[in-house]
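What follows is the content of run37.cif, which has mmCIF, C-alpha atoms and all ligand atoms:
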data_target
loop_
_atom_site.label_atom_id
_atom_site.label_comp_id
_atom_site.auth_asym_id
_atom_site.auth_seq_id
_atom_site.Cartn_x
_atom_site.Cartn_y
_atom_site.Cartn_z
CA THR A 2 81.59 140.31 -5.31
CA LEU A 3 80.04 143.28 -3.55
CA VAL A 4 80.28 141.42 -0.29
CA LEU A 5 83.64 139.81 -0.83
CA ILE A 6 85.71 142.87 -1.84
CA PRO A 7 84.98 145.03 1.23
CA ALA A 8 85.23 141.97 3.46
CA LEU A 9 88.62 141.07 2.02
CA LYS A 10 89.83 144.67 2.25
CA SER A 11 88.90 144.92 5.89
CA ALA A 12 90.41 141.49 6.56
CA VAL A 13 93.72 142.54 4.98
CA SER A 14 93.96 145.72 7.02
CA SER A 15 92.95 143.97 10.25
CA SER A 16 95.50 141.18 9.63
CA ARG A 17 98.24 143.77 9.06
CA MET A 18 97.36 145.27 12.39
CA ALA A 19 97.13 141.88 14.06
CA GLY A 20 100.49 140.78 12.53
CA ARG A 21 99.19 137.39 11.13
CA THR A 22 101.12 135.11 8.70
CA PRO A 23 99.86 135.17 5.03
CA SER A 24 98.16 131.72 5.26
CA GLU A 25 96.40 132.62 8.54
CA ASP A 26 95.41 135.84 6.93
CA LEU A 27 93.84 134.02 3.90
CA SER A 28 91.85 131.64 6.12
CA HIS A 29 90.60 134.56 8.13
CA ARG A 30 89.48 136.40 5.02
CA ILE A 31 87.68 133.34 3.61
CA ALA A 32 85.92 132.73 6.91
CA ILE A 33 84.61 136.29 7.00
CA ALA A 34 83.54 136.18 3.33
CA VAL A 35 81.70 132.87 3.86
CA LEU A 36 79.95 134.19 6.94
CA VAL A 37 78.80 137.42 5.29
CA GLY A 38 77.75 135.54 2.11
CA SER A 39 75.72 133.00 4.10
CA LEU A 40 73.97 135.70 6.09
CA LEU A 41 73.07 137.59 2.96
CA SER A 42 71.82 134.52 1.08
CA ALA A 43 69.67 133.55 4.08
CA LEU A 44 68.18 137.05 4.09
CA VAL A 45 67.47 137.03 0.33
CA THR A 46 66.01 133.50 0.51
CA ALA A 47 63.72 134.52 3.37
CA LEU A 48 62.56 137.59 1.44
CA ILE A 49 61.78 135.63 -1.73
CA ALA A 50 60.61 132.37 -0.20
CA ARG A 51 58.08 133.75 2.26
CA PRO A 52 55.58 135.12 -0.29
CA LEU A 53 56.27 132.13 -2.58
CA LEU A 54 55.49 129.70 0.22
CA GLY A 55 52.31 131.64 0.95
CA ARG A 56 51.10 131.27 -2.64
CA VAL A 57 52.03 127.59 -2.77
CA GLY A 58 50.12 127.17 0.49
CA ASP A 59 47.04 128.80 -1.12
CA LEU A 60 47.29 126.34 -4.00
CA SER A 61 47.66 123.41 -1.68
CA ARG A 62 44.60 124.46 0.37
CA ALA A 63 42.54 124.95 -2.81
CA THR A 64 43.59 121.48 -4.05
CA ALA A 65 42.56 119.92 -0.75
CA ALA A 66 39.17 121.68 -0.98
CA LEU A 67 38.70 120.38 -4.53
CA ARG A 68 39.49 116.85 -3.36
CA GLU A 69 36.79 117.20 -0.72
CA GLY A 70 34.28 117.94 -3.47
CA LYS A 71 34.21 121.75 -3.27
CA LEU A 72 34.17 122.22 -7.03
CA ASP A 73 33.94 126.01 -6.72
CA SER A 74 37.42 126.11 -5.15
CA ARG A 75 39.68 128.63 -6.97
CA VAL A 76 42.96 130.48 -6.25
CA VAL A 77 43.67 134.20 -6.71
CA VAL A 78 46.25 134.52 -9.49
CA ARG A 79 48.82 137.35 -9.19
CA GLY A 80 51.71 138.10 -11.52
CA ASN A 81 53.06 136.10 -14.42
CA ASP A 82 55.58 133.71 -12.95
CA GLU A 83 55.47 129.89 -12.76
CA VAL A 84 53.33 129.89 -9.61
CA ALA A 85 50.80 132.18 -11.30
CA GLU A 86 50.79 129.81 -14.30
CA LEU A 87 50.18 126.88 -11.94
CA GLY A 88 47.30 128.84 -10.36
CA ARG A 89 45.73 129.51 -13.76
CA SER A 90 46.02 125.81 -14.68
CA PHE A 91 44.44 124.87 -11.34
CA ASN A 92 41.50 127.25 -11.91
CA ALA A 93 40.97 125.91 -15.46
CA LEU A 94 41.02 122.34 -14.18
CA ALA A 95 38.52 123.15 -11.41
CA GLU A 96 36.29 124.86 -13.98
CA GLU A 97 36.34 121.78 -16.23
CA LEU A 98 35.65 119.46 -13.31
CA GLY A 99 32.66 121.59 -12.29
CA ALA A 100 31.28 121.62 -15.84
CA SER A 101 31.62 117.87 -16.30
CA GLU A 102 30.01 117.20 -12.92
CA ALA A 103 27.08 119.46 -13.88
CA GLN A 104 26.83 117.61 -17.21
CA ARG A 105 26.84 114.23 -15.44
CA ARG A 106 24.03 115.32 -13.11
CA GLN A 107 22.01 116.69 -16.02
CA MET A 108 22.53 113.44 -17.91
CA VAL A 109 21.20 111.34 -15.02
CA THR A 110 18.14 113.62 -14.76
CA ASP A 111 17.55 113.42 -18.52
CA VAL A 112 17.91 109.64 -18.65
CA ALA A 113 15.50 109.21 -15.74
CA HIS A 114 13.06 111.53 -17.50
CA GLU A 115 13.32 109.64 -20.81
CA LEU A 116 12.90 106.25 -19.12
CA ARG A 117 9.78 107.42 -17.33
CA THR A 118 7.61 108.04 -20.40
CA PRO A 119 7.77 104.57 -22.03
CA LEU A 120 7.67 102.86 -18.63
CA THR A 121 4.57 104.82 -17.59
CA ASN A 122 2.93 103.89 -20.90
CA ILE A 123 3.74 100.19 -20.45
CA ILE A 124 2.40 100.19 -16.87
CA GLY A 125 -0.74 102.03 -18.02
CA LEU A 126 -1.41 99.51 -20.80
CA VAL A 127 -0.90 96.49 -18.52
CA GLU A 128 -3.17 98.01 -15.84
CA ALA A 129 -5.85 98.71 -18.43
CA VAL A 130 -5.87 95.00 -19.41
CA ARG A 131 -5.91 93.84 -15.78
CA ASP A 132 -8.82 96.19 -14.96
CA GLY A 133 -10.74 94.82 -17.93
CA LEU A 134 -10.69 98.21 -19.68
CA ARG A 135 -8.73 96.92 -22.68
CA ALA A 136 -8.58 93.60 -24.48
CA PRO A 137 -5.13 91.99 -24.74
CA ASP A 138 -5.37 92.08 -28.52
CA ASP A 139 -2.89 92.70 -31.33
CA SER A 140 -3.08 96.49 -31.07
CA LEU A 141 -2.18 96.35 -27.38
CA MET A 142 0.73 94.02 -28.11
CA LEU A 143 1.92 96.40 -30.81
CA ALA A 144 1.72 99.38 -28.44
CA LEU A 145 3.69 97.46 -25.80
CA GLN A 146 6.26 96.41 -28.38
CA GLU A 147 6.74 100.03 -29.53
CA GLU A 148 7.32 101.28 -25.99
CA ALA A 149 9.78 98.44 -25.31
CA ALA A 150 11.58 99.22 -28.59
CA LEU A 151 11.95 102.85 -27.47
CA LEU A 152 13.50 101.74 -24.20
CA ASN A 153 15.78 99.41 -26.10
CA GLN A 154 16.90 102.20 -28.43
CA LEU A 155 17.58 104.50 -25.50
CA VAL A 156 19.72 101.90 -23.77
CA ASP A 157 21.64 101.11 -27.00
CA ASP A 158 22.29 104.79 -27.73
CA LEU A 159 23.45 105.48 -24.18
CA ARG A 160 25.81 102.51 -24.29
CA ASP A 161 27.31 103.62 -27.63
CA LEU A 162 27.68 107.20 -26.39
CA SER A 163 29.46 106.13 -23.23
CA LEU A 164 31.77 103.80 -25.20
CA ALA A 165 32.60 106.64 -27.61
CA ASP A 166 33.17 109.06 -24.70
CA ALA A 167 35.62 106.62 -23.15
CA GLY A 168 37.36 106.15 -26.52
CA GLU A 169 36.44 102.46 -26.37
CA LEU A 170 34.08 102.17 -29.30
CA PRO A 171 35.24 99.10 -31.22
CA LEU A 172 35.83 100.19 -34.82
CA SER A 173 36.75 98.17 -37.85
CA LEU A 174 37.85 100.73 -40.42
CA GLU A 175 37.82 99.63 -44.06
CA MET A 176 37.65 101.09 -47.54
CA LEU A 177 34.03 101.76 -48.47
CA HIS A 178 32.33 103.01 -51.64
CA ALA A 179 30.33 106.09 -50.72
CA THR A 180 27.50 105.57 -53.23
CA GLU A 181 27.15 101.91 -52.28
CA GLU A 182 26.70 102.86 -48.62
CA LEU A 183 24.11 105.50 -49.54
CA ARG A 184 22.18 102.94 -51.60
CA ARG A 185 22.32 100.44 -48.76
CA THR A 186 20.86 103.06 -46.39
CA ALA A 187 18.11 104.05 -48.83
CA ALA A 188 17.14 100.38 -49.21
CA ALA A 189 16.57 100.17 -45.44
CA PHE A 190 13.70 102.68 -45.80
CA PRO A 191 10.96 101.17 -47.93
CA ALA A 192 8.44 103.52 -49.52
CA VAL A 193 5.59 104.35 -47.13
CA PRO A 194 2.54 106.32 -48.35
CA GLY A 195 2.64 109.87 -46.93
CA GLU A 196 6.31 109.63 -45.94
CA SER A 197 9.25 111.17 -47.82
CA THR A 198 10.72 109.31 -50.75
CA ILE A 199 14.42 108.49 -50.37
CA VAL A 200 16.56 109.24 -53.45
CA VAL A 201 20.29 108.62 -54.00
CA ALA A 202 21.50 111.46 -56.23
CA THR A 203 25.13 110.48 -56.74
CA ALA A 204 26.29 108.23 -59.52
CA ASP A 205 30.04 108.54 -58.84
CA ASP A 206 31.08 105.02 -57.87
CA ASP A 207 34.75 105.98 -57.47
CA LEU A 208 34.32 107.98 -54.26
CA THR A 209 35.85 105.87 -51.52
CA LEU A 210 36.24 106.56 -47.83
CA ARG A 211 37.67 104.91 -44.76
CA ALA A 212 35.10 104.09 -42.10
CA ASP A 213 33.45 101.36 -40.05
CA ARG A 214 30.59 100.04 -42.20
CA ARG A 215 28.25 99.26 -39.30
CA ARG A 216 28.81 102.64 -37.62
CA LEU A 217 28.51 104.55 -40.89
CA GLY A 218 25.21 102.74 -41.52
CA GLN A 219 24.06 103.78 -38.04
CA ILE A 220 24.95 107.44 -38.78
CA LEU A 221 23.16 107.49 -42.12
CA ARG A 222 20.06 105.69 -40.85
CA ASN A 223 19.81 108.17 -37.98
CA LEU A 224 19.99 111.11 -40.39
CA VAL A 225 17.46 109.62 -42.83
CA GLN A 226 15.12 108.69 -39.97
CA ASN A 227 15.24 112.31 -38.75
CA ALA A 228 14.77 113.65 -42.28
CA ARG A 229 11.56 111.62 -42.57
CA ARG A 230 10.46 112.30 -39.00
CA TYR A 231 10.71 116.08 -39.45
CA SER A 232 9.03 116.14 -42.87
CA PRO A 233 5.38 115.77 -41.83
CA ASP A 234 4.13 116.44 -45.36
CA GLY A 235 6.33 113.86 -47.01
CA GLY A 236 8.54 115.25 -49.77
CA THR A 237 11.95 114.00 -50.82
CA VAL A 238 15.04 113.01 -48.88
CA THR A 239 18.10 113.23 -51.10
CA LEU A 240 21.34 111.39 -50.32
CA ARG A 241 24.53 112.72 -51.93
CA ALA A 242 28.25 111.98 -51.76
CA SER A 243 30.95 114.49 -52.71
CA ARG A 244 34.67 115.01 -52.27
CA GLU A 245 35.68 117.84 -49.86
CA GLY A 246 39.49 118.10 -49.81
CA GLY A 247 40.79 115.04 -48.03
CA MET A 248 37.30 114.05 -46.89
CA VAL A 249 34.22 112.50 -48.44
CA ARG A 250 30.96 114.22 -47.52
CA LEU A 251 27.78 112.18 -47.23
CA ALA A 252 24.78 114.51 -47.09
CA VAL A 253 21.14 113.90 -46.25
CA ALA A 254 18.87 116.72 -47.46
CA ASP A 255 15.16 116.94 -46.69
CA THR A 256 12.29 119.21 -47.61
CA GLY A 257 10.87 119.23 -44.10
CA ILE A 258 10.17 121.76 -41.35
CA GLY A 259 13.76 123.06 -41.09
CA ILE A 260 15.46 124.41 -37.96
CA ALA A 261 15.63 128.06 -36.77
CA PRO A 262 19.20 129.49 -36.65
CA GLU A 263 19.20 129.88 -32.85
CA HIS A 264 18.61 126.14 -32.41
CA LEU A 265 21.10 124.94 -35.02
CA PRO A 266 24.28 124.95 -32.87
CA HIS A 267 22.51 122.95 -30.16
CA VAL A 268 21.02 120.08 -32.15
CA TRP A 269 24.14 117.95 -31.55
CA GLU A 270 23.72 118.15 -27.76
CA ARG A 271 22.40 115.22 -25.79
CA PHE A 272 18.63 115.29 -25.18
CA TYR A 273 18.26 118.58 -27.05
CA ARG A 274 15.00 118.93 -28.94
CA VAL A 275 13.92 121.97 -30.89
CA ASP A 276 10.29 121.28 -30.15
CA GLY A 277 10.04 118.81 -27.27
CA SER A 278 6.40 117.96 -27.65
CA ARG A 279 6.55 117.40 -31.40
CA ALA A 280 9.75 115.33 -31.24
CA LYS A 281 8.24 113.27 -28.43
CA SER A 282 5.10 112.52 -30.34
CA THR A 283 7.28 111.25 -33.19
CA GLY A 284 9.37 109.09 -30.91
CA GLY A 285 12.54 111.20 -30.75
CA MET A 286 14.57 111.15 -27.55
CA GLY A 287 17.14 113.77 -28.51
CA LEU A 288 20.08 111.38 -28.55
CA GLY A 289 20.27 110.59 -32.29
CA LEU A 290 22.39 113.54 -33.43
CA ALA A 291 24.63 113.45 -30.33
CA LEU A 292 25.40 109.87 -31.28
CA VAL A 293 25.92 110.75 -34.97
CA ASN A 294 28.46 113.38 -33.89
CA ARG A 295 30.34 111.04 -31.56
CA LEU A 296 30.38 108.17 -34.07
CA ALA A 297 31.72 110.49 -36.78
CA THR A 298 34.50 111.99 -34.63
CA ALA A 299 35.49 108.53 -33.35
CA GLN A 300 36.19 107.62 -37.01
CA GLY A 301 38.24 110.78 -37.65
CA GLY A 302 35.31 112.60 -39.20
CA ARG A 303 33.10 115.61 -38.52
CA VAL A 304 29.48 116.64 -38.92
CA GLY A 305 27.63 119.71 -40.15
CA VAL A 306 24.18 121.10 -40.84
CA ALA A 307 22.54 123.86 -42.85
CA SER A 308 18.85 124.59 -42.54
CA GLU A 309 16.13 126.98 -43.54
CA PRO A 310 12.93 126.99 -41.47
CA GLY A 311 10.01 125.90 -43.61
CA GLU A 312 12.32 124.86 -46.46
CA GLY A 313 14.25 121.90 -45.13
CA SER A 314 17.59 120.82 -43.69
CA THR A 315 20.78 119.24 -44.93
CA PHE A 316 22.80 117.23 -42.44
CA TRP A 317 26.16 115.82 -43.44
CA VAL A 318 29.01 113.74 -42.18
CA GLU A 319 32.55 113.98 -43.55
CA LEU A 320 34.89 111.02 -43.23
CA PRO A 321 38.49 110.60 -44.40
CA ALA A 322 38.75 109.80 -48.10
CA GLU A 323 40.58 106.55 -48.96
P1 LIG A 401 15.40 113.24 -31.77
O1 LIG A 401 15.52 111.85 -31.27
O2 LIG A 401 14.54 114.12 -30.93
O3 LIG A 401 15.08 113.31 -33.22
P2 LIG A 401 18.05 114.11 -32.47
O4 LIG A 401 19.26 114.23 -31.64
O5 LIG A 401 18.08 113.17 -33.61
O6 LIG A 401 16.86 113.81 -31.50
O7 LIG A 401 17.67 115.56 -33.01
C1 LIG A 401 17.65 116.65 -32.11
C2 LIG A 401 16.61 117.67 -32.54
O8 LIG A 401 17.04 118.28 -33.77
C3 LIG A 401 15.26 117.06 -32.84
O9 LIG A 401 14.46 116.97 -31.69
C4 LIG A 401 14.70 118.03 -33.86
O10 LIG A 401 14.07 119.09 -33.19
C5 LIG A 401 15.93 118.55 -34.59
N1 LIG A 401 16.14 117.86 -35.89
C6 LIG A 401 16.94 116.82 -36.15
N2 LIG A 401 16.92 116.49 -37.45
C7 LIG A 401 16.07 117.34 -38.06
C8 LIG A 401 15.61 117.53 -39.40
N3 LIG A 401 16.04 116.76 -40.39
N4 LIG A 401 14.74 118.54 -39.63
C9 LIG A 401 14.30 119.34 -38.64
N5 LIG A 401 14.70 119.22 -37.34
C10 LIG A 401 15.57 118.24 -37.05
#

Would you write the structure of this file as structure tokens?
Ligand code: ADP
Amino acid sequence: TLVLIPALKSAVSSSRMAGRTPSEDLSHRIAIAVLVGSLLSALVTALIARPLLGRVGDLSRATAALREGKLDSRVVVRGNDEVAELGRSFNALAEELGASEAQRRQMVTDVAHELRTPLTNIIGLVEAVRDGLRAPDDSLMLALQEEAALLNQLVDDLRDLSLADAGELPLSLEMLHATEELRRTAAAFPAVPGESTIVVATADDDLTLRADRRRLGQILRNLVQNARRYSPDGGTVTLRASREGGMVRLAVADTGIGIAPEHLPHVWERFYRVDGSRAKSTGGMGLGLALVNRLATAQGGRVGVASEPGEGSTFWVELPAE
């Protein structure tokens, strides 16, 4: 309007002077208005588009750098408009990519490290027999079998973890009786002199949950195995089921060494051990709880832990009630 009114005014006065007909006069006015409007819109577009194009160019260069593997590529975010929002999303994405790449590298290093110990032991045992330093007797066979079983466990756990990560863990969810599953787990751990006694302390047979029986068994066995492993003086491992809102909680409580508060949040991480040397001597590889966590979340559940150093720990898994 600002452009058109003065343009039309000047067109009217100039047409009066030029003595044009009314229709010639109108065409003349429109032509001038269009010309002035176009010039102005080109000017405004240039003013706005130039900095915008510059910022889009920055984003495009940063994306290209990311594609080439430069995971530290970031853009400088200015303002609060859509381009700034895009820049923030780009930076967050690059951050996540960098973190997952670092995690992948760490995982490869950890796996190689874990494979080395049992393999070195197997090679050492075989060499000892070949050099005539050890007889190929039952105890040697047992030692070899234990090392091979460790390798087997590591491979199984890694496979399950990667299936769960990819959301491809085959699950067959069904209605299960909590107490029955606890009893089944307890039965898998026969009494051993010097090791904790396993007790099921829930009599409520009506507590039902929805889970995959095989995977739930795997979770519970892992927790009970840990409870025994980290209770060097024996004691009692108590299994309990309770209702927590819409979930059923299955808890495994021990009277073992406990875990210091600073370690507690990390115990669910892959290859994390509170005391590497002790866990190693008891056969732990630091994958058990990571797997428990992944198996529980894959079934719509969650995990938790409370612990007191020197008193014991209670680990639990909560799964949807049926
Ligand atoms: P690991 O194979 O080493 O047992 P996990 O992932 O099962 O690995 O456990 C991680 C770490 O958490 C263990 O190394 C141990 O230090 C600690 N932990 C797990 N369960 C218990 C427990 N019941 N009592 C004390 N510490 C535990």

Neighbours of A:Gly195 within 10 Å (all atoms listed in the file; same-chain residues fewer than 4 positions away dropped), as a ChimeraX atom specification?
-> /A:232-236

What is the atom CA of A:Leu72-atom CA of A:Val109 distance in Å, reported with one decimal?
->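 Pair atom CA of A:Leu72 / atom CA of A:Val109 returns 18.7 Å.
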
Taking only C-alpha atoms and all ligand atoms into account, which of A:Gln154, A:Pro171, A:Glu319, A:Glu196 comes nearest ligand LIG 401 (chain A)?
->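 Closest to ligand LIG 401 (chain A) of all the choices is A:Gln154.
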
Name all residues at most 8 Å from stretch 120-135 of chain A (count only C-alpha atoms; drop same-chain ones fewer than 4 positions away) and give them as number ranges by chain.
-> A: 116, 141, 145, 148-149

Residues within 6 Å of ligand LIG 401 (chain A) should be enumerated using only C-alpha atoms and all ligand atoms and returned as an mmCIF file with C-alpha atoms, in the coordinates of the input.
data_model
loop_
_atom_site.group_PDB
_atom_site.id
_atom_site.type_symbol
_atom_site.label_atom_id
_atom_site.label_comp_id
_atom_site.auth_asym_id
_atom_site.auth_seq_id
_atom_site.Cartn_x
_atom_site.Cartn_y
_atom_site.Cartn_z
ATOM 1 C CA ASN A 227 15.240 112.310 -38.750
ATOM 2 C CA ALA A 228 14.770 113.650 -42.280
ATOM 3 C CA TYR A 231 10.710 116.080 -39.450
ATOM 4 C CA GLY A 257 10.870 119.230 -44.100
ATOM 5 C CA ILE A 258 10.170 121.760 -41.350
ATOM 6 C CA GLY A 259 13.760 123.060 -41.090
ATOM 7 C CA ILE A 260 15.460 124.410 -37.960
ATOM 8 C CA VAL A 268 21.020 120.080 -32.150
ATOM 9 C CA TYR A 273 18.260 118.580 -27.050
ATOM 10 C CA ARG A 274 15.000 118.930 -28.940
ATOM 11 C CA VAL A 275 13.920 121.970 -30.890
ATOM 12 C CA ASP A 276 10.290 121.280 -30.150
ATOM 13 C CA ALA A 280 9.750 115.330 -31.240
ATOM 14 C CA GLY A 285 12.540 111.200 -30.750
ATOM 15 C CA MET A 286 14.570 111.150 -27.550
ATOM 16 C CA GLY A 287 17.140 113.770 -28.510
ATOM 17 C CA LEU A 288 20.080 111.380 -28.550
ATOM 18 C CA GLY A 289 20.270 110.590 -32.290
ATOM 19 C CA LEU A 290 22.390 113.540 -33.430
ATOM 20 C CA ALA A 291 24.630 113.450 -30.330
ATOM 21 C CA SER A 314 17.590 120.820 -43.690
#

Counting only C-alpha atoms, give me one row per residue of stretch 114-200 of chain A with an atom at most 7 Å from an atom of stretch 292-312 of chain A, showing the shortest contact pair and its distance in Å to one decimal, sorted by chain then residue number, as CSV.
residue,atom,partner,partner_atom,distance
A:Asp158,CA,A:Leu292,CA,6.9
A:Leu162,CA,A:Leu292,CA,6.0
A:Ala165,CA,A:Arg295,CA,6.3

Just how far from atom CA of A:Asn81 is atom CA of A:Ala100, in Å to one decimal?
->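 Distance reported for this atom pair: 26.2 Å.
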
For A:Pro321, which residue out of A:Asp157, A:Asp255, A:Asp213, A:Glu263 is the nearest one, using only C-alpha atoms?
->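 Among A:Asp157, A:Asp255, A:Asp213, A:Glu263, it is A:Asp213 that comes nearest to A:Pro321.
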
Give me the residues within 10 Å of A:Asp59 as a PDB file with C-alpha atoms, keeping the file's coordinate frame, counting only C-alpha atoms and dropping any in the same chain fewer than 6 places off.
ATOM      1  CA  LEU A  53      56.270 132.130  -2.580  1.00  0.00           C
ATOM      2  CA  ALA A  65      42.560 119.920  -0.750  1.00  0.00           C
ATOM      3  CA  ARG A  75      39.680 128.630  -6.970  1.00  0.00           C
ATOM      4  CA  VAL A  76      42.960 130.480  -6.250  1.00  0.00           C
ATOM      5  CA  VAL A  77      43.670 134.200  -6.710  1.00  0.00           C
ATOM      6  CA  GLY A  88      47.300 128.840 -10.360  1.00  0.00           C
TER       7      GLY A  88
END

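Taking atom CA of A:Ala252 as the reference point, atom CA of A:Glu169 is found at 26.7 Å.
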
Out of A:Leu60, A:Arg229, A:Arg105, A:Arg51, which residue has the shortest atom-to-atom distance to A:Arg89 when counting all atoms listed in the file?
-> A:Leu60
